[in-house]
>>> print(open('run_22.cif').read())   # mmCIF, C-alpha atoms and all ligand atoms
data_structure
loop_
_atom_site.label_atom_id
_atom_site.label_comp_id
_atom_site.auth_asym_id
_atom_site.auth_seq_id
_atom_site.Cartn_x
_atom_site.Cartn_y
_atom_site.Cartn_z
CA MET A 28 0.00 0.00 0.00
CA MET A 29 1.51 3.36 -1.06
CA LYS A 30 1.79 6.15 1.49
CA LYS A 31 -0.37 9.26 1.03
CA GLY A 32 1.47 12.39 -0.02
CA CYS A 33 0.73 16.07 0.58
CA PRO A 34 0.15 18.00 -2.70
CA TYR A 35 2.98 20.40 -1.80
CA GLY A 36 5.45 17.66 -0.90
CA THR A 37 5.66 18.43 2.83
CA HIS A 38 5.69 14.67 3.52
CA ARG A 39 9.27 14.65 2.22
CA VAL A 40 10.62 17.42 4.45
CA ILE A 41 13.16 16.11 6.96
CA SER A 42 14.47 19.35 8.43
CA PRO A 43 13.52 21.84 9.62
CA LYS A 44 10.11 20.38 10.46
CA GLY A 45 7.03 22.31 9.37
CA VAL A 46 8.50 24.09 6.35
CA LEU A 47 7.74 23.49 2.67
CA PRO A 48 10.23 21.56 0.52
CA GLN A 49 11.84 24.68 -1.05
CA PRO A 50 13.05 26.38 2.14
CA ALA A 51 13.85 23.00 3.75
CA ASP A 52 17.51 22.16 4.35
CA VAL A 53 17.06 18.42 3.88
CA ILE A 54 14.34 16.48 2.09
CA ASP A 55 13.75 12.75 1.67
CA ASN A 56 14.98 11.70 -1.78
CA THR A 57 14.23 7.99 -1.59
CA MET A 58 12.70 7.10 -4.91
CA GLU A 59 9.84 5.10 -3.42
CA LEU A 60 6.68 6.76 -4.71
CA TYR A 61 3.96 8.30 -2.54
CA ASP A 62 0.46 7.90 -3.98
CA ASN A 63 0.22 11.36 -5.63
CA GLU A 64 3.78 11.69 -6.95
CA VAL A 65 5.39 11.25 -10.36
CA LEU A 66 8.73 9.47 -10.77
CA ILE A 67 10.99 10.81 -13.50
CA ASP A 68 14.07 9.32 -15.14
CA VAL A 69 16.23 12.41 -15.46
CA LYS A 70 18.25 13.11 -18.58
CA THR A 71 19.53 16.66 -18.15
CA LEU A 72 19.70 19.21 -15.36
CA ASN A 73 19.65 22.86 -16.30
CA ILE A 74 21.34 24.53 -13.33
CA ASP A 75 20.19 28.07 -12.55
CA SER A 76 22.72 30.54 -13.97
CA ALA A 77 23.49 32.29 -10.67
CA SER A 78 23.96 28.88 -9.01
CA PHE A 79 26.14 27.40 -11.77
CA THR A 80 28.30 30.53 -11.95
CA GLU A 81 28.90 30.22 -8.22
CA ILE A 82 29.70 26.47 -8.35
CA GLU A 83 32.05 26.97 -11.28
CA LYS A 84 33.89 29.70 -9.39
CA ARG A 85 34.13 27.55 -6.28
CA ALA A 86 35.51 24.67 -8.41
CA GLY A 87 38.06 26.94 -10.09
CA GLY A 88 36.52 25.87 -13.41
CA ASP A 89 37.55 22.21 -12.91
CA ILE A 90 34.87 19.89 -14.35
CA GLU A 91 35.53 17.00 -11.93
CA GLU A 92 35.28 19.41 -9.02
CA ILE A 93 32.00 20.82 -10.39
CA LYS A 94 30.66 17.24 -10.46
CA ASN A 95 31.82 16.66 -6.88
CA ILE A 96 30.20 19.85 -5.63
CA MET A 97 26.92 19.03 -7.37
CA LYS A 98 26.86 15.47 -6.06
CA GLY A 99 27.74 16.75 -2.60
CA ILE A 100 24.81 19.21 -2.61
CA VAL A 101 22.33 16.47 -3.57
CA GLU A 102 23.75 13.90 -1.14
CA LYS A 103 23.41 16.36 1.72
CA ALA A 104 20.09 18.04 0.90
CA GLY A 105 18.26 15.41 -1.18
CA LYS A 106 17.81 18.12 -3.87
CA HIS A 107 19.98 20.48 -5.90
CA LYS A 108 19.57 23.61 -3.84
CA ASN A 109 22.80 25.56 -4.03
CA PRO A 110 23.51 26.44 -0.38
CA TRP A 111 25.32 29.63 -1.37
CA THR A 112 22.71 31.08 -3.75
CA GLY A 113 19.61 29.23 -2.52
CA SER A 114 18.59 28.60 -6.13
CA GLY A 115 18.07 25.46 -8.24
CA GLY A 116 17.23 25.16 -11.92
CA MET A 117 15.05 22.62 -13.68
CA LEU A 118 15.26 19.29 -15.47
CA ILE A 119 14.12 17.27 -18.43
CA GLY A 120 13.39 13.58 -18.34
CA THR A 121 10.91 10.82 -19.02
CA VAL A 122 8.03 9.87 -16.76
CA LYS A 123 8.69 6.41 -15.35
CA GLU A 124 5.76 5.93 -13.01
CA VAL A 125 2.67 7.87 -11.91
CA GLY A 126 1.14 7.37 -8.46
CA PRO A 127 -2.50 6.15 -8.50
CA ALA A 128 -3.80 9.27 -6.70
CA TYR A 129 -1.92 11.75 -8.94
CA GLN A 130 -4.36 14.07 -10.70
CA GLY A 131 -3.05 15.21 -14.05
CA ASP A 132 -2.49 14.10 -17.59
CA LEU A 133 0.95 12.51 -17.23
CA LYS A 134 1.66 8.91 -18.12
CA ALA A 135 4.75 6.69 -18.28
CA GLY A 136 6.87 7.53 -21.31
CA ASP A 137 5.94 11.25 -21.49
CA LYS A 138 8.93 13.52 -22.03
CA ILE A 139 8.65 16.55 -19.78
CA ALA A 140 10.48 19.56 -18.43
CA THR A 141 9.70 20.27 -14.80
CA LEU A 142 8.90 23.93 -14.23
CA VAL A 143 9.37 23.86 -10.48
CA SER A 144 12.79 24.58 -9.09
CA LEU A 145 15.41 21.90 -8.45
CA SER A 146 15.73 23.62 -5.09
CA LEU A 147 12.61 21.71 -3.98
CA THR A 148 12.70 18.61 -6.20
CA PRO A 149 13.73 15.28 -4.61
CA LEU A 150 16.67 14.14 -6.73
CA VAL A 151 19.15 11.28 -6.87
CA ILE A 152 22.25 11.50 -9.06
CA GLN A 153 23.79 8.12 -9.87
CA GLU A 154 26.26 9.47 -12.36
CA ILE A 155 27.15 12.75 -14.01
CA HIS A 156 28.10 12.14 -17.65
CA ASP A 157 28.63 15.50 -19.21
CA VAL A 158 28.98 19.03 -17.85
CA ARG A 159 28.45 21.88 -20.34
CA PRO A 160 29.65 24.94 -18.41
CA ASP A 161 28.93 27.39 -21.21
CA ILE A 162 25.20 26.62 -21.02
CA ASP A 163 24.82 25.44 -17.40
CA GLN A 164 23.51 22.01 -18.49
CA VAL A 165 24.54 18.69 -16.98
CA ASP A 166 23.61 15.24 -18.33
CA ILE A 167 23.08 12.65 -15.63
CA THR A 168 21.72 9.25 -14.82
CA GLY A 169 19.29 9.85 -11.99
CA GLN A 170 15.71 10.10 -10.82
CA ALA A 171 13.51 12.86 -9.51
CA ILE A 172 10.07 13.27 -8.01
CA LEU A 173 7.37 15.70 -9.12
CA PHE A 174 4.78 16.60 -6.47
CA GLN A 175 1.07 16.93 -7.21
CA SER A 176 1.41 20.74 -7.19
CA GLY A 177 4.51 20.69 -9.39
CA ILE A 178 4.11 22.37 -12.75
CA TYR A 179 5.68 20.94 -15.90
CA ALA A 180 5.58 21.25 -19.67
CA LYS A 181 5.43 18.35 -22.07
CA LEU A 182 8.38 18.82 -24.40
CA PRO A 183 7.22 20.18 -27.76
CA ASP A 184 7.95 18.06 -30.82
CA ASP A 185 8.82 21.01 -33.07
CA MET A 186 12.14 21.86 -31.41
CA PRO A 187 15.16 20.01 -29.93
CA GLU A 188 14.93 19.10 -26.24
CA GLY A 189 18.00 21.14 -25.25
CA LEU A 190 16.53 24.22 -26.91
CA ALA A 191 13.20 23.88 -25.10
CA LEU A 192 14.97 23.18 -21.81
CA SER A 193 17.13 26.29 -21.96
CA ALA A 194 14.22 28.55 -22.82
CA LEU A 195 11.80 27.01 -20.31
CA ASP A 196 14.38 27.50 -17.54
CA VAL A 197 13.82 31.24 -17.75
CA ALA A 198 10.16 31.11 -18.87
CA GLY A 199 8.98 33.43 -16.09
CA ALA A 200 10.95 36.37 -17.49
CA PRO A 201 9.50 36.85 -20.99
CA ALA A 202 6.03 35.99 -19.72
CA GLN A 203 6.19 38.64 -16.97
CA THR A 204 7.60 41.09 -19.50
CA ALA A 205 4.61 40.42 -21.73
CA LYS A 206 2.31 41.29 -18.85
CA LEU A 207 4.19 44.36 -17.61
CA VAL A 208 5.06 46.27 -20.77
CA LYS A 209 2.42 48.54 -22.31
CA PRO A 210 2.45 50.37 -25.65
CA GLY A 211 4.70 53.44 -25.53
CA ASP A 212 6.73 52.27 -22.51
CA THR A 213 10.44 52.87 -22.16
CA VAL A 214 12.00 49.59 -21.02
CA VAL A 215 15.55 48.97 -19.82
CA ILE A 216 16.76 45.36 -19.78
CA ILE A 217 19.92 44.81 -17.79
CA GLY A 218 21.81 41.67 -18.83
CA GLY A 219 19.91 41.98 -22.12
CA GLY A 220 22.38 39.84 -24.08
CA GLY A 221 21.93 36.79 -21.83
CA LYS A 222 19.40 33.99 -22.14
CA SER A 223 16.48 35.51 -20.25
CA GLY A 224 17.52 39.00 -21.37
CA LEU A 225 17.16 38.20 -25.08
CA LEU A 226 13.72 36.65 -24.59
CA CYS A 227 12.66 39.71 -22.57
CA LEU A 228 13.96 42.10 -25.25
CA TYR A 229 11.78 40.38 -27.83
CA GLU A 230 8.64 40.53 -25.68
CA ALA A 231 9.36 44.11 -24.57
CA LYS A 232 9.76 45.34 -28.14
CA LYS A 233 6.63 43.51 -29.21
CA ARG A 234 4.55 45.01 -26.37
CA ALA A 235 6.07 48.55 -26.29
CA GLY A 236 5.50 48.93 -30.03
CA VAL A 237 6.76 51.69 -32.31
CA THR A 238 6.00 54.42 -29.79
CA GLY A 239 7.99 52.67 -27.07
CA LYS A 240 11.71 52.41 -26.53
CA VAL A 241 13.67 49.32 -25.50
CA ILE A 242 17.20 49.74 -24.17
CA CYS A 243 19.51 46.74 -23.94
CA VAL A 244 22.30 46.92 -21.36
CA GLY A 245 24.75 44.07 -21.97
CA GLY A 246 27.35 42.84 -19.51
CA SER A 247 30.11 42.83 -22.14
CA PRO A 248 30.58 43.98 -25.74
CA LYS A 249 30.17 40.34 -26.84
CA SER A 250 26.69 39.76 -25.43
CA THR A 251 25.66 43.30 -26.42
CA GLU A 252 26.62 42.59 -30.03
CA ARG A 253 24.71 39.33 -29.87
CA ALA A 254 21.54 41.25 -29.04
CA ARG A 255 22.25 44.01 -31.57
CA LYS A 256 22.61 41.48 -34.40
CA LEU A 257 19.11 40.20 -33.65
CA ASP A 258 17.72 43.74 -33.86
CA LEU A 259 15.60 43.27 -30.74
CA ALA A 260 15.94 46.74 -29.17
CA ASP A 261 16.24 50.44 -30.01
CA GLU A 262 19.47 51.15 -28.10
CA TYR A 263 22.34 48.89 -27.06
CA PHE A 264 25.40 49.42 -24.93
CA ALA A 265 27.68 47.37 -22.70
CA PHE A 266 27.90 48.51 -19.09
CA ASP A 267 28.87 47.17 -15.69
CA ALA A 268 25.58 47.33 -13.76
CA THR A 269 27.36 47.35 -10.41
CA ASP A 270 28.15 50.99 -11.29
CA ALA A 271 24.71 52.34 -10.36
CA VAL A 272 25.33 56.06 -10.87
CA GLY A 273 27.18 55.45 -14.13
CA LEU A 274 24.25 53.50 -15.52
CA TYR A 275 21.78 56.10 -14.25
CA ASN A 276 23.64 58.81 -16.18
CA ARG A 277 23.55 56.77 -19.40
CA ILE A 278 19.84 56.06 -19.06
CA MET A 279 19.15 59.75 -18.29
CA GLU A 280 20.95 60.67 -21.54
CA LEU A 281 19.12 58.07 -23.62
CA THR A 282 15.67 58.97 -22.27
CA GLY A 283 16.01 62.75 -22.30
CA GLY A 284 15.97 62.79 -18.50
CA GLN A 285 12.74 60.74 -18.27
CA LEU A 286 14.19 57.39 -17.12
CA ALA A 287 12.43 54.05 -17.70
CA ASP A 288 8.85 52.97 -17.06
CA ILE A 289 10.01 49.38 -16.62
CA VAL A 290 13.43 48.04 -15.69
CA ILE A 291 14.04 44.30 -15.99
CA ASN A 292 17.07 42.86 -14.24
CA CYS A 293 18.35 39.66 -15.91
CA VAL A 294 21.94 39.55 -14.64
CA ASN A 295 23.63 36.66 -12.87
CA ILE A 296 25.79 38.57 -10.41
CA GLU A 297 25.25 40.44 -7.14
CA ASN A 298 25.03 44.18 -6.43
CA THR A 299 23.01 45.42 -9.37
CA GLU A 300 19.90 46.41 -7.38
CA MET A 301 20.72 50.11 -7.26
CA ALA A 302 21.46 50.43 -10.98
CA SER A 303 18.03 48.94 -11.64
CA ILE A 304 16.30 51.25 -9.17
CA LEU A 305 18.06 54.43 -10.29
CA ALA A 306 17.29 53.69 -13.96
CA CYS A 307 13.55 53.61 -13.17
CA LYS A 308 11.30 56.69 -12.96
CA ASP A 309 9.15 57.39 -9.91
CA GLY A 310 6.00 55.28 -10.15
CA GLY A 311 7.73 52.89 -12.55
CA THR A 312 8.34 49.17 -12.06
CA VAL A 313 11.53 47.22 -11.48
CA TYR A 314 11.26 43.49 -12.15
CA PHE A 315 14.10 41.60 -10.48
CA PHE A 316 14.29 38.32 -12.35
CA SER A 317 17.88 37.76 -11.21
CA MET A 318 18.32 35.26 -8.42
CA ALA A 319 21.34 37.22 -7.25
CA THR A 320 19.01 40.00 -6.09
CA SER A 321 19.00 40.93 -2.42
CA PHE A 322 15.61 41.95 -1.06
CA THR A 323 17.34 43.95 1.68
CA LYS A 324 19.60 45.81 -0.71
CA ALA A 325 16.69 46.61 -3.04
CA ALA A 326 14.26 47.72 -0.32
CA LEU A 327 16.67 49.76 1.78
CA GLY A 328 18.46 51.04 -1.30
CA ALA A 329 15.28 52.41 -2.88
CA GLU A 330 14.31 54.07 0.38
CA GLY A 331 17.83 55.49 0.72
CA VAL A 332 17.58 57.37 -2.57
CA GLY A 333 13.92 58.33 -2.11
CA LYS A 334 12.64 56.31 -5.06
CA ASP A 335 8.96 55.39 -5.11
CA VAL A 336 9.08 52.45 -7.51
CA ASN A 337 7.17 49.17 -7.62
CA MET A 338 9.53 46.29 -7.20
CA ILE A 339 8.58 42.82 -8.33
CA VAL A 340 10.28 39.69 -7.05
CA GLY A 341 11.04 37.40 -9.98
CA ASN A 342 8.44 34.72 -9.46
CA GLY A 343 9.59 31.97 -11.82
CA TYR A 344 5.97 31.21 -12.56
CA THR A 345 3.30 33.29 -14.17
CA LYS A 346 0.26 31.82 -15.92
CA GLY A 347 1.01 30.63 -19.43
CA HIS A 348 4.75 31.14 -19.05
CA ALA A 349 5.84 27.98 -20.88
CA GLU A 350 3.53 28.64 -23.84
CA ILE A 351 4.57 32.31 -24.10
CA THR A 352 8.26 31.43 -24.02
CA LEU A 353 8.13 28.63 -26.58
CA GLN A 354 6.00 30.92 -28.75
CA VAL A 355 8.78 33.56 -28.72
CA LEU A 356 11.12 30.98 -30.24
CA ARG A 357 8.52 30.03 -32.84
CA GLU A 358 7.82 33.67 -33.78
CA CYS A 359 11.40 34.92 -33.91
CA GLU A 360 13.46 32.74 -36.23
CA PRO A 361 16.81 34.57 -35.65
CA LEU A 362 16.40 34.20 -31.89
CA ARG A 363 15.51 30.54 -32.28
CA ARG A 364 18.60 30.00 -34.46
CA LEU A 365 20.81 31.71 -31.88
CA PHE A 366 19.31 29.68 -29.03
CA ALA A 367 19.75 26.48 -31.07
CA GLU A 368 23.42 27.34 -31.71
CA MET A 369 24.11 28.32 -28.12
CA TYR A 370 22.00 25.97 -26.03
CA ALA A 371 20.66 23.02 -28.02
P1 LIG B 401 22.73 34.43 -18.45
O1 LIG B 401 22.32 33.91 -19.79
O2 LIG B 401 24.01 33.99 -17.87
O3 LIG B 401 22.68 36.02 -18.53
C1 LIG B 401 23.16 36.85 -17.51
C2 LIG B 401 23.63 38.13 -18.16
O4 LIG B 401 24.08 39.02 -17.15
C3 LIG B 401 24.79 37.93 -19.12
O5 LIG B 401 24.41 38.28 -20.42
C4 LIG B 401 25.87 38.84 -18.59
O6 LIG B 401 26.56 39.53 -19.61
C5 LIG B 401 25.09 39.81 -17.74
N1 LIG B 401 25.95 40.42 -16.73
C6 LIG B 401 26.87 39.81 -15.95
N2 LIG B 401 27.50 40.71 -15.19
C7 LIG B 401 26.97 41.92 -15.51
C8 LIG B 401 27.23 43.25 -15.07
N3 LIG B 401 28.15 43.53 -14.14
N4 LIG B 401 26.52 44.26 -15.63
C9 LIG B 401 25.57 44.01 -16.58
N5 LIG B 401 25.29 42.77 -17.01
C10 LIG B 401 25.98 41.73 -16.48
O7 LIG B 401 21.63 34.11 -17.34
P2 LIG B 401 20.07 33.75 -17.48
O8 LIG B 401 19.91 32.28 -17.65
O9 LIG B 401 19.45 34.68 -18.43
O10 LIG B 401 19.62 34.09 -15.99
C11 LIG B 401 19.64 35.42 -15.52
C12 LIG B 401 19.27 35.49 -14.06
O11 LIG B 401 17.96 34.97 -13.88
C13 LIG B 401 20.17 34.67 -13.15
O12 LIG B 401 20.42 35.41 -11.97
C14 LIG B 401 19.34 33.46 -12.83
O13 LIG B 401 19.70 32.95 -11.60
C15 LIG B 401 17.95 34.07 -12.79
N6 LIG B 401 16.85 33.10 -12.95
C16 LIG B 401 15.72 33.39 -12.28
C17 LIG B 401 14.62 32.55 -12.34
C18 LIG B 401 13.39 32.92 -11.61
O14 LIG B 401 12.54 32.08 -11.47
N7 LIG B 401 13.25 34.14 -11.16
C19 LIG B 401 14.68 31.40 -13.14
C20 LIG B 401 15.84 31.14 -13.86
C21 LIG B 401 16.92 32.01 -13.76
P3 LIG B 401 27.85 38.88 -20.33
O15 LIG B 401 27.38 37.58 -20.90
O16 LIG B 401 28.23 39.86 -21.34
O17 LIG B 401 28.84 38.69 -19.22
#
>>> encode(input="run_22.cif", output="structure tokens", more="lines below")
Ligand code: NAP
Amino acid sequence: MMKKGCPYGTHRVISPKGVLPQPADVIDNTMELYDNEVLIDVKTLNIDSASFTEIEKRAGGDIEEIKNIMKGIVEKAGKHKNPWTGSGGMLIGTVKEVGPAYQGDLKAGDKIATLVSLSLTPLVIQEIHDVRPDIDQVDITGQAILFQSGIYAKLPDDMPEGLALSALDVAGAPAQTAKLVKPGDTVVIIGGGGKSGLLCLYEAKKRAGVTGKVICVGGSPKSTERARKLDLADEYFAFDATDAVGLYNRIMELTGGQLADIVINCVNIENTEMASILACKDGGTVYFFSMATSFTKAALGAEGVGKDVNMIVGNGYTKGHAEITLQVLRECEPLRRLFAEMYA
């Protein structure tokens, strides 16, 4: 007789008691199914960019050491929650078994991408085969559990799995952009030449229209050129977003002193909160998609400079996010080609 599971997976929390699986330090990753769970044979992990960057740094770029750190995290926590960034990533795999009480349309053999974070997903890694540091993807032999409440996307059959995986990893960003940006808006996207940044640029331009203005701030000339070649924005420049006042001055110049209605932060490093806040006009909105964002720095920083801006925490989920993101790749052939070259 299978044990009954809680829809949110609290039955797997070992410590601390009473919390949900995401904030938990340790969860039970035995691969014996509860009645409402789904067992997945995992093929590839897509590690969150902020998390992978941190692990790579810690490992001094050594692939074997990256593998050791990743295995160590999972052995200790029962999930891939990076203890230094708190973030996870997502995975693709094949459904192996579905619990009898699971309510949903999954069946054995379905190829899926989980859209809940690895930071709450029970995971076992038997072996790590391939680490692709340039795209934060890791091929493994292993299993994972999806809870009843866990969202997922069936992998589309009109694009390679790796391509869908990389885009779905950041699906919250373009989907939120689609909801936030209105015709005529001035939008600044920081980290605009990165994975989520490029998807956001496309959605921002589409929603802001000809009367709007989209400004791409790249981390380096290379990623800035990448965005420019795709013709996704109105202005492009490379800038270090840890220099808040410097970026503010550039955005003042480019907007005739008006600043941005919406600022979207897609970087993978710390200390860019103030550049995002200063680039935004009073009453505007800053969307912090970056997992390297500090709530304290953003809240106290905005207060410290007397900025009345709406700040949105980058919820990885917004309704329809997977469909919106895959649709961007279907609509924009040059972006799809770039993503296929870089991530598939
Ligand atoms: P990515 O492809 O690595 O892009 C990050 C970009 O940040 C890069 O293009 C990089 O530019 C730029 N950058 C780095 N340092 C910078 C600086 N000092 N100033 C300006 N730009 C800088 O990462 P991603 O996959 O798009 O992810 C972006 C962020 O979203 C990460 O923090 C990730 O953890 C987070 N994320 C959040 C969620 C969520 O649910 N909220 C889900 C997935 C990911 P260069 O390439 O030129 O260095």
>>> closest_residue(input="run_22.cif", among="A:Asp52, A:Glu188, A:Glu230, A:Asp258", to="Ala202 in chain A", atoms="only C-alpha atoms")
A:Glu230
>>> residues_around(input="run_22.cif", residues="Val53 in chain A", least_positions_apart="5", cutoff="12 Å", atoms="only C-alpha atoms", output="PDB file with C-alpha atoms, in the frame of the given file")
ATOM      1  CA  THR A  37       5.660  18.430   2.830  1.00  0.00           C
ATOM      2  CA  HIS A  38       5.690  14.670   3.520  1.00  0.00           C
ATOM      3  CA  ARG A  39       9.270  14.650   2.220  1.00  0.00           C
ATOM      4  CA  VAL A  40      10.620  17.420   4.450  1.00  0.00           C
ATOM      5  CA  ILE A  41      13.160  16.110   6.960  1.00  0.00           C
ATOM      6  CA  SER A  42      14.470  19.350   8.430  1.00  0.00           C
ATOM      7  CA  PRO A  43      13.520  21.840   9.620  1.00  0.00           C
ATOM      8  CA  LYS A  44      10.110  20.380  10.460  1.00  0.00           C
ATOM      9  CA  VAL A  46       8.500  24.090   6.350  1.00  0.00           C
ATOM     10  CA  LEU A  47       7.740  23.490   2.670  1.00  0.00           C
ATOM     11  CA  PRO A  48      10.230  21.560   0.520  1.00  0.00           C
ATOM     12  CA  ILE A 100      24.810  19.210  -2.610  1.00  0.00           C
ATOM     13  CA  VAL A 101      22.330  16.470  -3.570  1.00  0.00           C
ATOM     14  CA  GLU A 102      23.750  13.900  -1.140  1.00  0.00           C
ATOM     15  CA  LYS A 103      23.410  16.360   1.720  1.00  0.00           C
ATOM     16  CA  ALA A 104      20.090  18.040   0.900  1.00  0.00           C
ATOM     17  CA  GLY A 105      18.260  15.410  -1.180  1.00  0.00           C
ATOM     18  CA  LYS A 106      17.810  18.120  -3.870  1.00  0.00           C
ATOM     19  CA  HIS A 107      19.980  20.480  -5.900  1.00  0.00           C
ATOM     20  CA  LYS A 108      19.570  23.610  -3.840  1.00  0.00           C
ATOM     21  CA  PRO A 110      23.510  26.440  -0.380  1.00  0.00           C
ATOM     22  CA  SER A 146      15.730  23.620  -5.090  1.00  0.00           C
ATOM     23  CA  LEU A 147      12.610  21.710  -3.980  1.00  0.00           C
ATOM     24  CA  THR A 148      12.700  18.610  -6.200  1.00  0.00           C
ATOM     25  CA  PRO A 149      13.730  15.280  -4.610  1.00  0.00           C
ATOM     26  CA  LEU A 150      16.670  14.140  -6.730  1.00  0.00           C
TER      27      LEU A 150
END
>>> residues_near_ligand(input="run_22.cif", ligand="ligand LIG 401 (chain B)", cutoff="7 Å", atoms="only C-alpha atoms and all ligand atoms", output="ChimeraX atom specification")
/A:75-78,116,196-197,199,217-224,244-251,266-269,293-296,316-319,341-344
>>> atom_distance(input="run_22.cif", atom1="CA of Cys359 in chain A", atom2="CA of Ile74 in chain A")
25.1 Å
>>> atom_distance(input="run_22.cif", atom1="CA of Ser193 in chain A", atom2="CA of Phe366 in chain A")
8.1 Å
>>> closest_residue(input="run_22.cif", among="A:Val165, A:Val332, A:Met186, A:Val69", to="Asp137 in chain A", atoms="only C-alpha atoms")
A:Val69
>>> atom_distance(input="run_22.cif", atom1="CA of Phe264 in chain A", atom2="CA of Gly88 in chain A")
28.5 Å
>>> residues_around(input="run_22.cif", residues="Leu228 in chain A", least_positions_apart="6", cutoff="7 Å", atoms="only C-alpha atoms", output="mmCIF file with C-alpha atoms, in the frame of the given file")
data_model
loop_
_atom_site.group_PDB
_atom_site.id
_atom_site.type_symbol
_atom_site.label_atom_id
_atom_site.label_comp_id
_atom_site.auth_asym_id
_atom_site.auth_seq_id
_atom_site.Cartn_x
_atom_site.Cartn_y
_atom_site.Cartn_z
ATOM 1 C CA ILE A 216 16.760 45.360 -19.780
ATOM 2 C CA GLY A 219 19.910 41.980 -22.120
ATOM 3 C CA LEU A 259 15.600 43.270 -30.740
ATOM 4 C CA ALA A 260 15.940 46.740 -29.170
#
>>> residues_around(input="run_22.cif", residues="Gly333 in chain A", least_positions_apart="6", cutoff="12 Å", atoms="only C-alpha atoms", output="list in words")
Met301, Ile304, Leu305, Lys308, Asp309, Gly310, Ala326 and Leu327 of chain A
>>> write_last_selection(input="run_22.cif", atoms="C-alpha atoms", output="PDB file, in the frame of the given file")
ATOM      1  CA  MET A 301      20.720  50.110  -7.260  1.00  0.00           C
ATOM      2  CA  ILE A 304      16.300  51.250  -9.170  1.00  0.00           C
ATOM      3  CA  LEU A 305      18.060  54.430 -10.290  1.00  0.00           C
ATOM      4  CA  LYS A 308      11.300  56.690 -12.960  1.00  0.00           C
ATOM      5  CA  ASP A 309       9.150  57.390  -9.910  1.00  0.00           C
ATOM      6  CA  GLY A 310       6.000  55.280 -10.150  1.00  0.00           C
ATOM      7  CA  ALA A 326      14.260  47.720  -0.320  1.00  0.00           C
ATOM      8  CA  LEU A 327      16.670  49.760   1.780  1.00  0.00           C
TER       9      LEU A 327
END
>>> closest_residue(input="run_22.cif", among="A:Gln285, A:Thr312, A:Thr141, A:Gln130", to="Leu173 in chain A", atoms="only C-alpha atoms")
A:Thr141
>>> closest_residue(input="run_22.cif", among="A:Gln170, A:Thr238, A:Gln153, A:Thr57", to="Met97 in chain A", atoms="only C-alpha atoms")
A:Gln153
>>> closest_residue(input="run_22.cif", among="A:Gly126, A:Gly36, A:Gly331, A:Gly311", to="Glu59 in chain A", atoms="all atoms listed in the file")
A:Gly126
>>> residues_around(input="run_22.cif", residues="Glu262 in chain A", least_positions_apart="6", cutoff="9 Å", atoms="all atoms listed in the file", output="PDB file with C-alpha atoms, in the coordinates of the input")
ATOM      1  CA  LYS A 240      11.710  52.410 -26.530  1.00  0.00           C
ATOM      2  CA  VAL A 241      13.670  49.320 -25.500  1.00  0.00           C
ATOM      3  CA  ILE A 242      17.200  49.740 -24.170  1.00  0.00           C
ATOM      4  CA  CYS A 243      19.510  46.740 -23.940  1.00  0.00           C
ATOM      5  CA  VAL A 244      22.300  46.920 -21.360  1.00  0.00           C
ATOM      6  CA  ARG A 255      22.250  44.010 -31.570  1.00  0.00           C
ATOM      7  CA  LEU A 281      19.120  58.070 -23.620  1.00  0.00           C
TER       8      LEU A 281
END
>>> closest_residue(input="run_22.cif", among="A:Pro50, A:Asn56, A:Ile172, A:Leu257", to="Ser114 in chain A", atoms="all atoms listed in the file")
A:Pro50
>>> residues_around(input="run_22.cif", residues="Met279 in chain A", least_positions_apart="4", cutoff="12 Å", atoms="all atoms listed in the file", output="list in words")
Thr213, Val215, Ile242, Val272, Gly273, Leu274, Tyr275, Gly283, Gly284, Gln285, Leu286, Ala287, Leu305, Ala306, Cys307 and Lys308 of chain A
>>> residues_near_point(input="run_22.cif", point="(-3.6, 18.1, -2.9)", cutoff="8 Å", atoms="only C-alpha atoms", output="PDB file with C-alpha atoms, in the coordinates of the input")
ATOM      1  CA  CYS A  33       0.730  16.070   0.580  1.00  0.00           C
ATOM      2  CA  PRO A  34       0.150  18.000  -2.700  1.00  0.00           C
ATOM      3  CA  TYR A  35       2.980  20.400  -1.800  1.00  0.00           C
ATOM      4  CA  GLN A 175       1.070  16.930  -7.210  1.00  0.00           C
ATOM      5  CA  SER A 176       1.410  20.740  -7.190  1.00  0.00           C
TER       6      SER A 176
END
>>> build_atoms(input="run_22.cif", residues="range 169-174 of chain A", atoms="N, CA and C atoms", output="tab-separated table (two decimals), keeping the file's coordinate frame")
chain	number	residue	atom	x	y	z
A	169	GLY	N	19.87	9.56	-13.30
A	169	GLY	CA	19.29	9.85	-11.99
A	169	GLY	C	17.79	9.85	-12.05
A	170	GLN	N	17.17	10.04	-10.90
A	170	GLN	CA	15.71	10.10	-10.82
A	170	GLN	C	15.28	11.31	-10.01
A	171	ALA	N	14.07	11.73	-10.27
A	171	ALA	CA	13.51	12.86	-9.51
A	171	ALA	C	12.03	12.62	-9.28
A	172	ILE	N	11.49	13.38	-8.35
A	172	ILE	CA	10.07	13.27	-8.01
A	172	ILE	C	9.37	14.60	-8.30
A	173	LEU	N	8.21	14.52	-8.93
A	173	LEU	CA	7.37	15.70	-9.12
A	173	LEU	C	6.18	15.58	-8.17
A	174	PHE	N	5.93	16.62	-7.38
A	174	PHE	CA	4.78	16.60	-6.47
A	174	PHE	C	3.49	16.90	-7.24
